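Next comes coords11.cif, a file with mmCIF, C-alpha atoms.
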data_upload
#
loop_
_atom_site.label_atom_id
_atom_site.label_comp_id
_atom_site.auth_asym_id
_atom_site.auth_seq_id
_atom_site.Cartn_x
_atom_site.Cartn_y
_atom_site.Cartn_z
CA MET A 417 0.00 0.00 0.00
CA ILE A 418 2.95 2.31 0.67
CA LYS A 419 6.69 2.31 0.20
CA GLU A 420 8.84 3.77 2.95
CA ARG A 421 12.42 4.93 2.99
CA VAL A 422 14.46 7.30 5.12
CA GLU A 423 16.59 10.01 3.54
CA ASP A 424 18.57 12.51 5.60
CA GLY A 425 16.49 11.68 8.66
CA ILE A 426 13.21 12.22 6.79
CA ALA A 427 10.63 9.47 6.36
CA ILE A 428 9.55 9.37 2.70
CA ILE A 429 6.10 7.77 2.39
CA THR A 430 5.19 6.86 -1.19
CA LEU A 431 1.58 5.89 -1.83
CA SER A 432 1.65 2.80 -4.03
CA HIS A 433 -1.60 0.95 -4.58
CA GLY A 434 -3.00 0.03 -7.96
CA ALA A 435 -2.96 2.43 -10.88
CA THR A 436 -4.19 5.43 -8.89
CA ASN A 437 -2.68 4.94 -5.41
CA SER A 438 -6.09 4.55 -3.79
CA ILE A 439 -6.14 4.63 0.00
CA THR A 440 -7.31 1.76 2.20
CA LEU A 441 -7.39 1.41 5.97
CA ASP A 442 -4.23 -0.68 5.70
CA THR A 443 -2.59 2.27 3.91
CA LEU A 444 -3.56 4.56 6.78
CA ARG A 445 -2.45 2.07 9.43
CA GLN A 446 0.98 1.82 7.82
CA MET A 447 1.23 5.60 7.66
CA ASP A 448 0.16 5.86 11.30
CA ALA A 449 2.98 3.57 12.38
CA ILE A 450 5.43 5.88 10.61
CA VAL A 451 3.92 8.95 12.29
CA LYS A 452 4.40 7.31 15.69
CA LYS A 453 8.00 6.42 14.85
CA VAL A 454 8.78 9.95 13.67
CA ASN A 455 7.22 11.45 16.82
CA GLU A 456 9.17 9.18 19.14
CA ASP A 457 12.57 9.08 17.44
CA ASP A 458 14.65 12.20 18.04
CA THR A 459 16.84 11.39 15.03
CA MET A 460 13.84 11.69 12.68
CA LYS A 461 13.16 15.16 11.26
CA GLY A 462 9.75 14.74 9.65
CA ILE A 463 7.76 13.21 6.80
CA VAL A 464 7.36 13.72 3.07
CA LEU A 465 4.22 12.20 1.57
CA THR A 466 4.19 11.54 -2.17
CA GLY A 467 2.78 9.13 -4.74
CA GLU A 468 4.01 6.70 -7.35
CA GLY A 469 3.54 7.17 -11.08
CA ARG A 470 1.01 9.63 -12.51
CA PHE A 471 -1.08 9.88 -9.32
CA PHE A 472 -0.53 11.28 -5.87
CA SER A 473 -3.80 9.56 -4.94
CA SER A 474 -7.29 9.27 -6.39
CA GLY A 475 -8.75 8.98 -2.88
CA PHE A 476 -10.24 6.13 -0.89
CA HIS A 477 -10.33 2.65 -2.39
CA LEU A 478 -13.94 2.53 -3.63
CA PRO A 479 -14.30 -1.27 -3.47
CA ASP A 480 -14.03 -0.92 0.32
CA PHE A 481 -17.09 1.34 0.33
CA ILE A 482 -18.97 -0.79 -2.18
CA GLY A 483 -18.26 -3.80 0.00
CA PHE A 484 -19.90 -2.42 3.15
CA GLN A 485 -22.62 -4.90 4.12
CA SER A 486 -24.22 -2.79 6.84
CA HIS A 487 -24.37 0.61 8.43
CA ALA A 488 -22.35 -0.74 11.38
CA GLU A 489 -19.55 -1.86 9.07
CA ALA A 490 -19.33 1.59 7.47
CA VAL A 491 -19.30 3.25 10.91
CA ALA A 492 -16.47 1.02 12.14
CA TRP A 493 -14.41 1.85 9.04
CA PHE A 494 -14.82 5.60 9.48
CA GLU A 495 -14.32 5.53 13.24
CA GLU A 496 -10.83 4.18 12.62
CA GLU A 497 -10.18 6.43 9.62
CA GLU A 498 -11.04 9.56 11.62
CA GLU A 499 -8.56 8.67 14.36
CA LEU A 500 -5.81 7.95 11.84
CA LEU A 501 -6.41 11.23 10.03
CA LEU A 502 -6.28 13.15 13.31
CA ASN A 503 -2.99 11.44 14.20
CA PHE A 504 -1.51 12.41 10.83
CA PHE A 505 -2.77 15.98 11.15
CA THR A 506 -1.15 16.32 14.58
CA CYS A 507 2.21 14.70 13.76
CA GLU A 508 4.66 16.62 15.92
CA LYS A 509 7.28 17.20 13.23
CA PRO A 510 7.05 18.80 9.78
CA VAL A 511 4.99 16.97 7.17
CA VAL A 512 5.21 18.04 3.53
CA SER A 513 3.05 16.76 0.67
CA ALA A 514 5.11 16.37 -2.51
CA ILE A 515 2.28 16.13 -5.03
CA ASN A 516 3.65 14.29 -8.03
CA GLY A 517 0.42 13.78 -9.97
CA HIS A 518 -3.37 13.78 -9.89
CA CYS A 519 -4.71 14.42 -6.39
CA ALA A 520 -8.40 14.01 -5.57
CA ALA A 521 -10.86 13.29 -2.78
CA ALA A 522 -9.09 11.59 0.16
CA GLY A 523 -5.79 12.14 -1.61
CA LEU A 524 -6.45 15.86 -1.37
CA ILE A 525 -7.61 15.54 2.24
CA TRP A 526 -4.36 13.86 3.28
CA SER A 527 -2.33 16.42 1.35
CA PHE A 528 -4.15 19.13 3.34
CA ALA A 529 -3.27 17.36 6.58
CA ALA A 530 0.38 18.16 5.89
CA ASP A 531 2.04 21.42 6.91
CA TYR A 532 3.09 22.40 3.39
CA ARG A 533 2.16 21.34 -0.14
CA VAL A 534 4.48 21.34 -3.13
CA VAL A 535 3.18 20.22 -6.53
CA LYS A 536 5.02 19.19 -9.68
CA ASN A 537 4.70 21.58 -12.60
CA HIS A 538 2.81 19.57 -15.20
CA PRO A 539 -0.05 20.70 -17.46
CA LYS A 540 -2.04 17.49 -17.05
CA ILE A 541 -2.12 17.28 -13.26
CA ARG A 542 -5.59 17.82 -11.81
CA MET A 543 -6.54 18.41 -8.20
CA GLY A 544 -9.96 18.63 -6.56
CA MET A 545 -12.62 17.37 -4.21
CA SER A 546 -15.15 15.29 -6.14
CA GLU A 547 -17.21 13.90 -3.25
CA ILE A 548 -20.30 16.00 -3.91
CA LYS A 549 -20.57 14.56 -7.42
CA ILE A 550 -20.72 10.98 -6.18
CA GLY A 551 -23.08 11.62 -3.29
CA LEU A 552 -20.66 11.65 -0.35
CA PRO A 553 -20.22 14.39 2.28
CA LEU A 554 -17.04 14.77 4.30
CA SER A 555 -16.75 13.34 7.79
CA ILE A 556 -15.91 15.51 10.80
CA ALA A 557 -12.11 15.17 10.72
CA GLN A 558 -12.04 15.36 6.92
CA TYR A 559 -14.06 18.58 6.89
CA ARG A 560 -11.95 20.27 9.56
CA VAL A 561 -8.66 19.26 7.95
CA VAL A 562 -9.68 20.56 4.53
CA ARG A 563 -11.06 23.78 6.01
CA TYR A 564 -7.83 24.28 7.97
CA GLY A 565 -5.84 23.91 4.77
CA LEU A 566 -7.75 26.57 2.80
CA ASN A 567 -7.63 30.32 3.21
CA ASP A 568 -11.30 31.16 3.74
CA ASP A 569 -14.87 29.90 3.78
CA ARG A 570 -15.58 31.04 0.23
CA THR A 571 -12.70 29.01 -1.16
CA TYR A 572 -13.85 26.01 0.87
CA ARG A 573 -17.38 26.47 -0.49
CA ASN A 574 -16.19 26.57 -4.08
CA VAL A 575 -13.82 23.61 -3.74
CA MET A 576 -16.46 21.47 -2.05
CA PHE A 577 -19.69 22.44 -3.80
CA PHE A 578 -18.47 22.81 -7.39
CA GLY A 579 -16.23 19.74 -7.14
CA ASP A 580 -14.03 20.99 -9.98
CA MET A 581 -10.72 19.38 -10.85
CA VAL A 582 -8.21 22.19 -11.40
CA GLY A 583 -4.71 22.49 -12.79
CA VAL A 584 -1.64 23.36 -10.76
CA GLU A 585 -1.74 27.10 -11.51
CA LYS A 586 -5.34 27.37 -10.29
CA ALA A 587 -4.49 25.19 -7.30
CA LEU A 588 -1.76 27.66 -6.35
CA GLU A 589 -4.05 30.63 -6.89
CA ILE A 590 -6.74 29.33 -4.52
CA GLY A 591 -4.36 27.94 -1.91
CA MET A 592 -4.64 24.22 -2.56
CA VAL A 593 -0.85 24.18 -2.81
CA ASP A 594 1.95 26.42 -1.55
CA GLU A 595 4.43 26.04 -4.39
CA ILE A 596 4.83 24.73 -7.93
CA VAL A 597 8.24 23.28 -8.75
CA GLU A 598 9.80 21.42 -11.62
CA GLU A 599 9.77 17.63 -11.47
CA ASP A 600 13.44 17.26 -10.61
CA GLN A 601 13.00 19.66 -7.67
CA LEU A 602 9.88 18.14 -6.12
CA MET A 603 11.53 15.92 -3.52
CA VAL A 604 14.46 18.29 -3.11
CA ARG A 605 12.15 21.15 -2.15
CA ALA A 606 9.92 18.99 0.06
CA LYS A 607 12.91 17.75 2.04
CA GLN A 608 14.33 21.27 2.19
CA ILE A 609 11.15 22.54 3.87
CA VAL A 610 11.22 19.76 6.46
CA THR A 611 14.88 20.35 7.27
CA SER A 612 14.70 24.15 7.41
CA TRP A 613 11.72 24.04 9.76
CA ILE A 614 13.02 21.43 12.21
CA ASP A 615 16.79 22.00 12.21
CA THR A 616 16.86 24.99 14.54
CA PRO A 617 18.02 25.23 18.18
CA ASN A 618 15.61 23.49 20.56
CA ARG A 619 13.23 22.64 17.69
CA PRO A 620 10.57 25.26 18.51
CA PHE A 621 8.64 24.10 15.44
CA ILE A 622 7.16 21.27 17.51
CA THR A 623 5.60 23.58 20.09
CA MET A 624 4.53 26.13 17.49
CA LYS A 625 2.81 23.52 15.32
CA LYS A 626 0.94 22.12 18.31
CA MET A 627 -0.31 25.58 19.23
CA MET A 628 -1.32 26.36 15.66
CA ARG A 629 -3.32 23.15 15.24
CA GLN A 630 -4.65 22.67 18.75
CA ASP A 631 -8.00 24.43 18.25
CA THR A 632 -8.76 22.40 15.13
CA ALA A 633 -7.61 19.15 16.74
CA ASP A 634 -9.70 19.86 19.86
CA SER A 635 -12.74 20.64 17.71
CA ILE A 636 -12.35 17.35 15.86
CA ARG A 637 -11.96 15.43 19.11
CA TYR A 638 -14.97 17.12 20.73
CA ARG A 639 -17.26 16.62 17.75
CA LEU A 640 -16.24 12.99 17.26
CA ASP A 641 -16.99 12.30 20.92
CA LYS A 642 -20.17 14.36 21.33
CA GLU A 643 -22.03 14.60 18.02
CA PRO A 644 -24.28 11.90 16.47
CA TRP A 645 -22.18 11.79 13.29
CA ARG A 646 -22.32 8.03 12.84
CA ALA A 647 -25.93 8.08 11.71
CA GLY A 648 -24.92 9.75 8.46
CA PHE A 649 -23.08 6.71 7.22
CA ASP A 650 -26.33 5.06 6.22
CA ILE A 651 -25.53 6.69 2.86
CA PHE A 652 -23.64 3.54 1.92
CA THR A 653 -26.86 1.53 2.07
CA LYS A 654 -28.63 3.85 -0.38
CA PRO A 655 -29.00 2.30 -3.85
CA GLU A 656 -28.31 5.54 -5.71
CA VAL A 657 -25.03 6.11 -3.87
CA ARG A 658 -23.89 2.52 -4.24
CA GLY A 659 -24.79 2.63 -7.92
CA THR A 660 -22.72 5.78 -8.43
CA LEU A 661 -19.74 4.30 -6.59
CA GLU A 662 -19.95 1.15 -8.70
CA PHE A 663 -20.11 3.21 -11.88
CA VAL A 664 -17.09 5.34 -10.90
CA GLN A 665 -15.12 2.24 -9.98
CA SER A 666 -15.93 0.60 -13.31
CA MET A 667 -14.78 3.76 -15.11
CA MET A 668 -11.48 3.66 -13.21
CA GLU A 669 -11.04 0.04 -14.16
CA GLY A 670 -11.73 0.86 -17.81
CA LYS A 671 -14.92 -1.18 -17.96
CA LYS A 672 -17.14 1.65 -19.24
#

Same coordinates, now as structure tokens:
Amino acid sequence: MIKERVEDGIAIITLSHGATNSITLDTLRQMDAIVKKVNEDDTMKGIVLTGEGRFFSSGFHLPDFIGFQSHAEAVAWFEEEEELLLNFFTCEKPVVSAINGHCAAAGLIWSFAADYRVVKNHPKIRMGMSEIKIGLPLSIAQYRVVRYGLNDDRTYRNVMFFGDMVGVEKALEIGMVDEIVEEDQLMVRAKQIVTSWIDTPNRPFITMKKMMRQDTADSIRYRLDKEPWRAGFDIFTKPEVRGTLEFVQSMMEGKK
């Protein structure tokens, strides 16, 4: 599901699953283990998240959703996913998304969970949040992470409600990414950000990041614990949603 290597004290996580680097719970569990290791090991400086091939990630692995047999099964899946996303969002050390290709849906959410986003300069790369077009809202942690990563409510509205897939220049203009770099500089720049932010006396980045993200993290925690959000996952039992997911999956497999 992922490939991991360490370069210059930085954990490089490469999403590697199928043709589009779709994300499963196993993907997230493997990433979570790396987050824990980076937090606990003083020799580790941070994380760079990237993808393999033409995709950063197309989002969650749709066959997992199509395979839900009950509301309870969907709830259990998202209960774990929300915790893993919160852990990634609150990684103590710098996390940079090195966006090498198409980035959509959960791929975009996880890129937003990083501290900084660098994208490869390529005219064919598209980025966006397509959930509204397939009948899926965002969960609590997903919503808060995406909103944290965008500049204002209007931009969030447009990204979420129009569901457009945009090129890298537009992504930079609206704040989906922080920088556009040439392909041969993508990993160089991502690692440079991690190093420049953490390699200072006493590593104040760690305290500063915690303070910056604490309100959002606390809001996620409170809402997950107190709100009746689980009821909404009956969407996966609705025929029209399941039908749309099956159609999208068949398109991705080249069956339509």

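Of note, CA of Lys654 in chain A and CA of Asp641 in chain A are spaced 25.7 Å apart.
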
Once the PyMOL selection byres ((chain A and resi 512) around 12) has been applied to the shown file, what residues remain in the selection, as a short mmCIF file (atom, residue, chain, number, x, y, z; two decimals) with C-alpha atoms, in the frame of the given file?
data_model
loop_
_atom_site.label_atom_id
_atom_site.label_comp_id
_atom_site.auth_asym_id
_atom_site.auth_seq_id
_atom_site.Cartn_x
_atom_site.Cartn_y
_atom_site.Cartn_z
CA ILE A 426 13.21 12.22 6.79
CA ALA A 427 10.63 9.47 6.36
CA ILE A 428 9.55 9.37 2.70
CA ILE A 429 6.10 7.77 2.39
CA LYS A 461 13.16 15.16 11.26
CA GLY A 462 9.75 14.74 9.65
CA ILE A 463 7.76 13.21 6.80
CA VAL A 464 7.36 13.72 3.07
CA LEU A 465 4.22 12.20 1.57
CA THR A 466 4.19 11.54 -2.17
CA PHE A 504 -1.51 12.41 10.83
CA PHE A 505 -2.77 15.98 11.15
CA CYS A 507 2.21 14.70 13.76
CA LYS A 509 7.28 17.20 13.23
CA PRO A 510 7.05 18.80 9.78
CA VAL A 511 4.99 16.97 7.17
CA SER A 513 3.05 16.76 0.67
CA ALA A 514 5.11 16.37 -2.51
CA ILE A 515 2.28 16.13 -5.03
CA TRP A 526 -4.36 13.86 3.28
CA SER A 527 -2.33 16.42 1.35
CA PHE A 528 -4.15 19.13 3.34
CA ALA A 529 -3.27 17.36 6.58
CA ALA A 530 0.38 18.16 5.89
CA ASP A 531 2.04 21.42 6.91
CA TYR A 532 3.09 22.40 3.39
CA ARG A 533 2.16 21.34 -0.14
CA VAL A 534 4.48 21.34 -3.13
CA VAL A 535 3.18 20.22 -6.53
CA VAL A 593 -0.85 24.18 -2.81
CA ASP A 594 1.95 26.42 -1.55
CA GLU A 595 4.43 26.04 -4.39
CA LEU A 602 9.88 18.14 -6.12
CA MET A 603 11.53 15.92 -3.52
CA VAL A 604 14.46 18.29 -3.11
CA ARG A 605 12.15 21.15 -2.15
CA ALA A 606 9.92 18.99 0.06
CA LYS A 607 12.91 17.75 2.04
CA GLN A 608 14.33 21.27 2.19
CA ILE A 609 11.15 22.54 3.87
CA VAL A 610 11.22 19.76 6.46
CA THR A 611 14.88 20.35 7.27
CA SER A 612 14.70 24.15 7.41
CA TRP A 613 11.72 24.04 9.76
#

Neighbourhood query: residues within 12 Å of (-15.9, 27.2, 0.8), file coordinates, counting all atoms listed in the file; return as a list in words. Met545, Tyr559, Arg560, Val562, Arg563, Tyr564, Gly565, Leu566, Asn567, Asp568, Asp569, Arg570, Thr571, Tyr572, Arg573, Asn574, Val575, Met576, Phe577, Phe578, Gly579, Ile590 and Gly591 of chain A

Can you tell me, as a list of chain:residue names, what residues are no more than 12 Å from Glu468 in chain A when counting all atoms listed in the file, ignoring any on the same chain fewer than 2 positions away?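 Contacts, with the query itself left out: A:Met417, A:Ile418, A:Lys419, A:Glu420, A:Ile428, A:Ile429, A:Thr430, A:Leu431, A:Ser432, A:His433, A:Gly434, A:Ala435, A:Thr436, A:Asn437, A:Ser438, A:Leu465, A:Thr466, A:Arg470, A:Phe471, A:Phe472, A:Ser473, A:Ser474, A:Ala514, A:Ile515, A:Asn516, A:Gly517, A:His518, A:Cys519.
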
Fewer than 2 positions away in the same chain doesn't count, so skip those; otherwise give me all residues within 10 Å of Thr632 in chain A, counting all atoms listed in the file, as a ChimeraX atom specification. /A:502,505-506,557,560-561,563-564,627-630,634-638

Selection under test: the PyMOL selection byres ((chain A and resi 552) around 10); residues as a list in words: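 Applied to this file, the PyMOL selection byres ((chain A and resi 552) around 10) selects Ser546, Glu547, Ile548, Lys549, Ile550, Gly551, Pro553, Leu554, Ser555, Gly648, Phe649, Ile651, Phe652, Val657 and Leu661 of chain A.
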
From A:Ile614, A:Asp650, A:Ile556, A:Ala520, residue lying nearest Ala587 in chain A [all atoms listed in the file]: A:Ala520

What is the CA of Leu524 in chain A to CA of Gln665 in chain A distance in Å? 18.3 Å

Residue contacts of Leu444 in chain A (9 Å, all atoms listed in the file) excluding same-chain residues fewer than 5 positions away, as a PyMOL selection string: chain A and resi 417+439+449+497+500-501
